[in-house]
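What follows is one structure encoded as structure tokens, with my remarks underneath.
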Amino acid sequence: MYNKMIKIIALSIVFTLIIGLSPMSFAATGDRTVNLNVSKKLDRTKILLDEEFEIKYQITPEEIAGETPPPKEIFIVMDTSGSMDFNLAGKTAGRWEQNRMTIASQAANKFLDNLKGKSGVKVGLVSYENLGHVKKELTTDIESVKREVNKLNPLGGTNIGDGLRQAYYRLINADISADKYIILLTDGEPTYHSVKNTYWYGHIIHREFYYDEGTAPDYYGGGSVITDNDKNYCYAIAENFIKSSSIQSYMIAFTKSSNGDVLKEVARKAGGEYKKAEDADALQKVYDKIYQQIAVDFTVGVKFEESLPEGLTVVSAPEGFNIDGQNVTGDIDIDYTFNSSSNRYKAEKIEFTIKVKGSRAGNYSLNSSKLSYKDLDDTNKSLSFGNRNIEVVALRADINTERSLSKQEMLIDEHFNVNYKILPKEFVIADGLEPPAELVVKNVNFSEQFPEGLTVVSAGGLNKSGRYVSGNLGDIVYRYNASDGKYKTSPIEFSITLKGKEGEYALGRGADQSKITYSDLDKETKEKNFAKLNPSVVKYGMPKLEVTEIKRRGEVVDITLKATLPAHTKNGTIMKPTIETDVNGNIDVKKENGGVI
């Protein structure tokens with residue numbers, strides 16, 4: 001690209017010297033400034049904690065004045081040896097499989113389509129098997145080149161050197177002011193070389209490499225196996241002809257079967273570039289990259305920098321960019337091509353995205369992104385993308401806890417349950433936030449140390465160690481209900497079974513607190529305690545009296561008491577009496593099961 005720019009500048013100098021210092025020439029050459037308009041926008045301005053948002057950047061280059069660049073002449077050099085009839089794995093292509101020739105032709109056609117409408121571009125086609133053949137001379141009629149590409153059929157050996165030779169002579173005999181290119185593709189290695197034989201009475205007495213222009217008189221080589229002469233012929237054409245010219249060359253090794261070592265050396269000796277493509281997608285990318293290198297008249301390299309404030313985390317950046325903590329940097333090429341309709345150099349708008357996550361609640365200003373570059377007059381320039389604001393909102397879950405006893409009073413070693421409930425309240429989120437399908441309170445952990453005298457019989461799936469019970473109850477997953485805009489979930493319920501010795505017990509006091517801990521929606525660790533409980537473990541139950549009503553009648557006070565009888569006494573179990581009335585209205589109170597009335 002640097003050489004192209006030098007050529008453009010040199011042509012401009014010549015043009016200026018010819019027409020002198022007229023106002024017109026000053027206007028034509030004096031505004032070669034790279035002007036870039038930059039902007040950025042956020043896909044959202046308010047997000048929930050741990051949600052992602054996108055920063056979308058845009059670079060819009062203004063057109064640059066300048067003279068018409070040199071024309072371009074390109075020869076596509078295609079391998080049509082017999083192996084191009086194989087599939088990618090090197091086997092005979094099945095009925096519904098594409099062979100290598102078809103894949104290569106499709107990639108070349110896409111490359112040719114991209115060249116349509118480009119001012120000053122000519123393309124030719126050379127194929128090669130045992131010898132090289134000019135299938136299409138240089139032309140601006142891109143469709144005619146495509147038609148010849150689609151006619152190619154695989155047959156014969158591989159004479160890479162002769163394909164290069166034929167393209168070389170067609171290019172050096174064309175427009176001397178043009179930039180010239182060879183794009184060669186092969187799926188194998190050279191197995192033939194071009195020769196000129198000297199005969200004496202019908203016998204070959206001398207054989208030498210053929211280097212002249214035109215169709216080679218003969219070929220020789222290994223047939224299906226590479227020989228030193230096959231290889232050396234390629235090297236000689238590359239080094240002594242292509243490299244000594246101004247031709248830029250690209251050597252594409254297609255499929256795993258291609259001999260990359262040989263083709264790399266051909267590319268090195270030609271002063272060109274080696275490319276590797278093992279399948280159709282890779283081959284298309286290679287041709288696309290070559291198109292960018294050829295079609296672009298000059299390139300302005302710019303450096304992008306973004307520094308995000310603490311509390312925001314970079315999730316992803318464009319391929320080739322570097323992420324270092326809060327900082328994102330990347331090099332971007334702005335490619336200019338000549339627009340013949342406006343007689344100015346034009347570059348396409350560039351857009352890219354950085355994905356960021358809000359890892360801490362707060363309001364953030366994004367004002368550190370900038371672009372720096374060196375202008376065509378070597379002046380250093382810097383541009384700011386401006387400021388944008390993002391708010392990261394942290395939600396908090398409202399969670400209640402409840403627990404109760406299956407019995408308040410138990411006999412010694414009688415089993416009873418402590419029943420627990422975790423009750424998350426439903427909630428809505430603020431306007432301006434995009435409601436996710438789920439919100440999660442993570443890692444709900446329970447723990448309780450029961451008082452001495454009580455024994456844990458079973459822990460409801462939790463872990464028990466003596467009188468200590470603990471365990472992970474999982475996550476609380478809130479799901480969004482679009483009908484009322486609320487997040488809802490189900491309660492968590494479980495029970496722990498105990499038994500004990502005689503005594504009055506206090507559950508959930510001091511160091512024996514019953515609690516859950518969890519990571520809230522704001523990522524903070526929270527704690528909730530369960531209510532205190534006071535179970536009693538007794539040998540015998542004792543009646544309990546409760547004053548329910550007091551009435552004063554002068555100096556007389558009527559007191560109504562409620563007596564609650566225990567289930568068990570030292571005389572036995574108190575049973576509910578059965579009261580019956582006979583036909584005469586007499587009341588009969590009976591005992592049940594021999595219990596005490």
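Note on naming: chains are A, B, ... as they come in the structure tokens, residues start from 1 per chain, ligands start from 1 in the order shown.
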Inset, instruction - Return as a PyMOL selection string the full set of residues in region 326-519 of chain A whose backbone-based DSSP assignment is strand (DSSP E). - result: chain A and resi 327-339+344-347+350-358+362-366+370-374+380-384+388-393+399-405+409-411+416-424+438-449+454-458+463-465+468-472+476-481+486-488+492-500+503-504+515-519
Legend entry - Neighbour list for region 470-485 of chain A as a PyMOL selection string, cut-off 6 Å, only C-alpha atoms, skip fewer than 3 positions in-chain: chain A and resi 437-447+462-463+488-489
Legend entry - Backbone-only DSSP, alpha helix (DSSP H) members of region 271-486 of chain A, as a PyMOL selection string: chain A and resi 280-295
Quick one: contact table of region 442-501 of chain A to region 526-548 of chain A, 9 Å max, nearest atom pair and distance in Å to one decimal per residue, counting only C-alpha atoms, chain and number order, as CSV?
residue,atom,partner,partner_atom,distance
A:Lys499,CA,A:Val537,CA,8.5
A:Gly500,CA,A:Val537,CA,6.4
A:Lys501,CA,A:Val537,CA,6.3
Write out the residues from the selection above, keeping all heavy atoms, as a tab-separated table (two decimals), in the first residue's frame.
chain	number	residue	atom	x	y	z
A	499	LYS	N	-35.83	-34.46	68.66
A	499	LYS	CA	-36.32	-35.05	69.90
A	499	LYS	C	-35.43	-34.51	71.01
A	499	LYS	O	-34.34	-33.99	70.74
A	499	LYS	CB	-36.33	-36.56	69.86
A	499	LYS	CG	-34.94	-37.19	69.84
A	499	LYS	CD	-35.03	-38.70	69.85
A	499	LYS	CE	-33.61	-39.33	69.88
A	499	LYS	NZ	-33.66	-40.79	69.94
A	500	GLY	N	-35.94	-34.62	72.28
A	500	GLY	CA	-35.10	-34.03	73.31
A	500	GLY	C	-35.32	-34.59	74.70
A	500	GLY	O	-36.23	-35.37	74.96
A	501	LYS	N	-34.45	-34.12	75.57
A	501	LYS	CA	-34.57	-34.42	77.00
A	501	LYS	C	-35.50	-33.40	77.63
A	501	LYS	O	-35.81	-32.37	77.05
A	501	LYS	CB	-33.20	-34.36	77.66
A	501	LYS	CG	-32.21	-35.37	77.12
A	501	LYS	CD	-30.85	-35.21	77.79
A	501	LYS	CE	-29.84	-36.21	77.23
A	501	LYS	NZ	-28.51	-36.05	77.87
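Going from CA of Asn363 (chain A) to CA of Asp522 (chain A) covers 14.9 Å.
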Legend entry - Of the listed residues A:Leu125, A:Cys234, A:Leu312, A:Ala167, that which approaches Glu52 (chain A) most closely, counting only C-alpha atoms: A:Leu312
Taking 3 positions as the minimum chain separation for residues in the same chain, which residues sit within 10 Å of Leu283 (chain A) when counting only C-alpha atoms? Answer as an mmCIF file with N, CA and C atoms, in the first residue's frame.
data_model
loop_
_atom_site.group_PDB
_atom_site.id
_atom_site.type_symbol
_atom_site.label_atom_id
_atom_site.label_comp_id
_atom_site.auth_asym_id
_atom_site.auth_seq_id
_atom_site.Cartn_x
_atom_site.Cartn_y
_atom_site.Cartn_z
ATOM 1 N N ILE A 103 -14.994 -25.642 -6.472
ATOM 2 C CA ILE A 103 -14.802 -24.752 -5.315
ATOM 3 C C ILE A 103 -13.878 -23.595 -5.681
ATOM 4 N N ALA A 104 -12.790 -23.904 -6.370
ATOM 5 C CA ALA A 104 -11.833 -22.869 -6.765
ATOM 6 C C ALA A 104 -12.469 -21.880 -7.741
ATOM 7 N N GLN A 106 -15.671 -21.091 -7.989
ATOM 8 C CA GLN A 106 -16.629 -20.250 -7.270
ATOM 9 C C GLN A 106 -15.918 -19.111 -6.531
ATOM 10 N N ALA A 107 -14.793 -19.422 -5.887
ATOM 11 C CA ALA A 107 -14.047 -18.386 -5.169
ATOM 12 C C ALA A 107 -13.499 -17.349 -6.136
ATOM 13 N N ALA A 108 -12.978 -17.815 -7.289
ATOM 14 C CA ALA A 108 -12.452 -16.881 -8.284
ATOM 15 C C ALA A 108 -13.564 -15.997 -8.852
ATOM 16 N N LEU A 185 -3.154 -20.381 -7.972
ATOM 17 C CA LEU A 185 -3.710 -21.395 -7.072
ATOM 18 C C LEU A 185 -3.275 -22.774 -7.524
ATOM 19 N N ILE A 252 -1.400 -19.376 -3.699
ATOM 20 C CA ILE A 252 -2.401 -19.984 -2.822
ATOM 21 C C ILE A 252 -2.247 -21.500 -2.842
ATOM 22 N N ALA A 253 -1.938 -22.077 -1.677
ATOM 23 C CA ALA A 253 -1.901 -23.535 -1.514
ATOM 24 C C ALA A 253 -3.293 -23.987 -1.087
ATOM 25 N N PHE A 254 -4.019 -24.658 -1.979
ATOM 26 C CA PHE A 254 -5.404 -25.045 -1.739
ATOM 27 C C PHE A 254 -5.482 -26.513 -1.368
ATOM 28 N N THR A 255 -6.187 -26.822 -0.296
ATOM 29 C CA THR A 255 -6.383 -28.150 0.308
ATOM 30 C C THR A 255 -5.131 -28.617 1.041
ATOM 31 N N LYS A 275 -0.261 -17.963 0.671
ATOM 32 C CA LYS A 275 -1.548 -18.094 1.352
ATOM 33 C C LYS A 275 -1.919 -19.571 1.430
ATOM 34 N N LYS A 276 -2.566 -19.957 2.514
ATOM 35 C CA LYS A 276 -2.996 -21.346 2.695
ATOM 36 C C LYS A 276 -4.506 -21.378 2.892
ATOM 37 N N ALA A 277 -5.189 -22.286 2.193
ATOM 38 C CA ALA A 277 -6.639 -22.451 2.341
ATOM 39 C C ALA A 277 -6.968 -23.925 2.192
ATOM 40 N N GLU A 278 -7.579 -24.524 3.223
ATOM 41 C CA GLU A 278 -7.835 -25.959 3.197
ATOM 42 C C GLU A 278 -9.264 -26.312 2.804
ATOM 43 N N ASP A 279 -10.169 -25.326 2.837
ATOM 44 C CA ASP A 279 -11.549 -25.623 2.455
ATOM 45 C C ASP A 279 -12.148 -24.414 1.736
ATOM 46 N N ALA A 280 -13.428 -24.530 1.392
ATOM 47 C CA ALA A 280 -14.079 -23.490 0.591
ATOM 48 C C ALA A 280 -14.139 -22.152 1.329
ATOM 49 N N VAL A 286 -9.316 -16.001 1.640
ATOM 50 C CA VAL A 286 -8.030 -15.651 1.027
ATOM 51 C C VAL A 286 -8.253 -14.725 -0.160
ATOM 52 N N TYR A 287 -9.200 -15.085 -1.038
ATOM 53 C CA TYR A 287 -9.477 -14.230 -2.196
ATOM 54 C C TYR A 287 -9.997 -12.853 -1.761
ATOM 55 N N ASP A 288 -10.829 -12.822 -0.716
ATOM 56 C CA ASP A 288 -11.343 -11.536 -0.226
ATOM 57 C C ASP A 288 -10.209 -10.657 0.289
ATOM 58 N N LYS A 289 -9.268 -11.281 0.998
ATOM 59 C CA LYS A 289 -8.134 -10.517 1.511
ATOM 60 C C LYS A 289 -7.267 -9.982 0.369
#
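Each of A:Glu524, A:Asp431, A:Glu208, A:Glu409 was checked against Glu502 (chain A) using only C-alpha atoms; the smallest atom-to-atom distance is that of A:Glu409.
Interatomic distance, CA of Arg170 (chain A) to CA of Gly214 (chain A): 9.4 Å.
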Legend entry - Point-to-point distance in Å for CA of Asp398 (chain A) and CA of Pro424 (chain A): 6.1 Å
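Using only C-alpha atoms, the smallest distance between any of A:Pro154, A:Ile237, A:Ile334, A:Asn339 and Glu351 (chain A) comes from A:Ile334.
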Inset, instruction - Would you kindly return, as a PyMOL selection string, each protein, DNA or RNA residue with an atom no farther than 6 Å from any atom of region 65-82 of chain A, considering only C-alpha atoms and excluding same-chain residues fewer than 5 positions away? - result: chain A and resi 8+32+120-129+154-158+178-186+344
Keeping only N, CA, C and O atoms, write the selected residues to a file as a short mmCIF file (atom, residue, chain, number, x, y, z; two decimals), in the first residue's frame.
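The file below, result-v3.cif, is the result:
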data_model
loop_
_atom_site.label_atom_id
_atom_site.label_comp_id
_atom_site.auth_asym_id
_atom_site.auth_seq_id
_atom_site.Cartn_x
_atom_site.Cartn_y
_atom_site.Cartn_z
N ILE A 8 1.01 7.34 -6.51
CA ILE A 8 -0.04 8.35 -6.66
C ILE A 8 0.53 9.75 -6.45
O ILE A 8 0.28 10.68 -7.21
N ARG A 32 -5.54 17.56 0.31
CA ARG A 32 -5.38 16.14 0.59
C ARG A 32 -5.24 15.93 2.10
O ARG A 32 -4.15 15.68 2.61
N GLY A 120 -10.34 1.32 -14.32
CA GLY A 120 -8.96 1.03 -14.69
C GLY A 120 -8.48 -0.36 -14.36
O GLY A 120 -7.27 -0.59 -14.27
N VAL A 121 -9.38 -1.33 -14.21
CA VAL A 121 -9.00 -2.70 -13.86
C VAL A 121 -9.18 -3.61 -15.07
O VAL A 121 -10.24 -3.64 -15.70
N LYS A 122 -8.14 -4.37 -15.39
CA LYS A 122 -8.21 -5.41 -16.42
C LYS A 122 -7.81 -6.74 -15.79
O LYS A 122 -6.92 -6.80 -14.93
N VAL A 123 -8.46 -7.81 -16.26
CA VAL A 123 -8.20 -9.15 -15.72
C VAL A 123 -8.00 -10.12 -16.87
O VAL A 123 -8.69 -10.04 -17.90
N GLY A 124 -7.06 -11.05 -16.70
CA GLY A 124 -6.85 -12.15 -17.65
C GLY A 124 -6.83 -13.47 -16.91
O GLY A 124 -6.78 -13.52 -15.68
N LEU A 125 -6.88 -14.57 -17.68
CA LEU A 125 -6.92 -15.91 -17.09
C LEU A 125 -5.91 -16.82 -17.77
O LEU A 125 -5.86 -16.91 -18.99
N VAL A 126 -5.10 -17.50 -16.95
CA VAL A 126 -4.18 -18.54 -17.41
C VAL A 126 -4.51 -19.81 -16.64
O VAL A 126 -4.70 -19.79 -15.43
N SER A 127 -4.62 -20.92 -17.36
CA SER A 127 -4.74 -22.23 -16.71
C SER A 127 -3.47 -23.01 -16.98
O SER A 127 -2.72 -22.71 -17.91
N TYR A 128 -3.21 -24.01 -16.12
CA TYR A 128 -2.03 -24.83 -16.37
C TYR A 128 -2.28 -26.26 -15.89
O TYR A 128 -2.96 -26.50 -14.90
N GLU A 129 -1.78 -27.20 -16.70
CA GLU A 129 -1.69 -28.62 -16.31
C GLU A 129 -0.31 -29.07 -16.75
O GLU A 129 0.68 -28.71 -16.11
N PRO A 154 -10.50 -30.27 -15.18
CA PRO A 154 -9.26 -30.85 -14.68
C PRO A 154 -8.77 -32.02 -15.53
O PRO A 154 -9.54 -32.92 -15.86
N LEU A 155 -7.46 -31.98 -15.86
CA LEU A 155 -6.86 -33.07 -16.65
C LEU A 155 -5.35 -32.84 -16.71
O LEU A 155 -4.90 -31.72 -16.90
N GLY A 156 -4.57 -33.92 -16.51
CA GLY A 156 -3.12 -33.83 -16.71
C GLY A 156 -2.34 -33.59 -15.44
O GLY A 156 -2.81 -33.79 -14.32
N GLY A 157 -1.06 -33.14 -15.62
CA GLY A 157 -0.14 -32.93 -14.51
C GLY A 157 -0.16 -31.50 -14.01
O GLY A 157 -1.14 -30.77 -14.19
N THR A 158 0.97 -31.07 -13.40
CA THR A 158 1.00 -29.76 -12.75
C THR A 158 2.30 -29.05 -13.11
O THR A 158 3.36 -29.35 -12.55
N ALA A 178 0.72 0.44 -15.41
CA ALA A 178 -0.25 -0.26 -14.55
C ALA A 178 0.44 -0.98 -13.40
O ALA A 178 1.58 -1.45 -13.51
N ASP A 179 -0.29 -1.09 -12.27
CA ASP A 179 0.10 -2.01 -11.21
C ASP A 179 -0.29 -3.41 -11.66
O ASP A 179 -1.41 -3.63 -12.14
N LYS A 180 0.63 -4.38 -11.47
CA LYS A 180 0.41 -5.70 -12.04
C LYS A 180 0.42 -6.78 -10.96
O LYS A 180 1.22 -6.71 -10.01
N TYR A 181 -0.45 -7.78 -11.15
CA TYR A 181 -0.64 -8.80 -10.13
C TYR A 181 -0.81 -10.18 -10.77
O TYR A 181 -1.45 -10.32 -11.82
N ILE A 182 -0.26 -11.20 -10.09
CA ILE A 182 -0.51 -12.61 -10.43
C ILE A 182 -1.09 -13.27 -9.19
O ILE A 182 -0.54 -13.15 -8.09
N ILE A 183 -2.22 -13.98 -9.37
CA ILE A 183 -2.83 -14.76 -8.29
C ILE A 183 -2.86 -16.21 -8.74
O ILE A 183 -3.68 -16.59 -9.59
N LEU A 184 -1.97 -17.04 -8.20
CA LEU A 184 -1.86 -18.45 -8.61
C LEU A 184 -2.43 -19.36 -7.54
O LEU A 184 -2.20 -19.15 -6.34
N LEU A 185 -3.15 -20.38 -7.97
CA LEU A 185 -3.71 -21.39 -7.07
C LEU A 185 -3.27 -22.77 -7.52
O LEU A 185 -3.30 -23.07 -8.73
N THR A 186 -2.89 -23.62 -6.56
CA THR A 186 -2.58 -25.03 -6.86
C THR A 186 -3.05 -25.90 -5.71
O THR A 186 -3.07 -25.48 -4.55
N ARG A 344 -12.41 11.51 -6.86
CA ARG A 344 -11.87 11.63 -5.50
C ARG A 344 -11.70 10.23 -4.93
O ARG A 344 -12.31 9.26 -5.38
#
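Distance annotation: of A:Gly222, A:Lys136, A:Asn387, A:Asp141, the residue with the minimal separation from Gly117 (chain A) is A:Asp141; atom set is only C-alpha atoms.
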Can you pull out the residues contacting Ala394 (chain A)? Cut-off 12 Å, using only C-alpha atoms, and skip same-chain residues under 5 positions away; I want them as a JSON list (two decimals) with C-alpha atoms, in the first residue's frame.
[["chain", "number", "residue", "atom", "x", "y", "z"],
["A", 46, "LYS", "CA", -29.78, 1.87, 31.75],
["A", 47, "ILE", "CA", -29.05, -1.77, 32.56],
["A", 48, "LEU", "CA", -29.30, -4.18, 35.45],
["A", 49, "LEU", "CA", -26.24, -5.33, 37.32],
["A", 50, "ASP", "CA", -24.33, -8.03, 35.38],
["A", 51, "GLU", "CA", -26.26, -7.24, 32.21],
["A", 358, "GLY", "CA", -22.08, -3.64, 34.29],
["A", 359, "SER", "CA", -20.27, -5.33, 37.17],
["A", 360, "ARG", "CA", -20.96, -2.68, 39.84],
["A", 361, "ALA", "CA", -23.96, -0.41, 40.38],
["A", 362, "GLY", "CA", -23.54, 3.27, 39.58],
["A", 363, "ASN", "CA", -23.63, 6.00, 36.95],
["A", 429, "ILE", "CA", -38.24, -3.28, 38.11],
["A", 430, "ALA", "CA", -37.90, 0.40, 37.27],
["A", 433, "LEU", "CA", -34.87, -1.31, 32.19],
["A", 439, "LEU", "CA", -33.40, -12.96, 37.91],
["A", 520, "ASP", "CA", -28.61, -10.98, 46.55],
["A", 521, "LEU", "CA", -29.46, -9.54, 43.15],
["A", 522, "ASP", "CA", -27.01, -6.72, 43.90],
["A", 523, "LYS", "CA", -24.25, -9.38, 44.39],
["A", 524, "GLU", "CA", -23.99, -8.48, 48.09]]
Legend entry - Ile559 (chain A) environment, 10 Å, only C-alpha atoms, sequence neighbours closer than 2 positions dropped, as a PyMOL selection string: chain A and resi 547-552+556-557+561
Legend entry - Which residue of A:Pro61, A:Gly325, A:Gly554, A:Gly94 approaches Leu308 (chain A) most closely, using only C-alpha atoms: A:Gly325
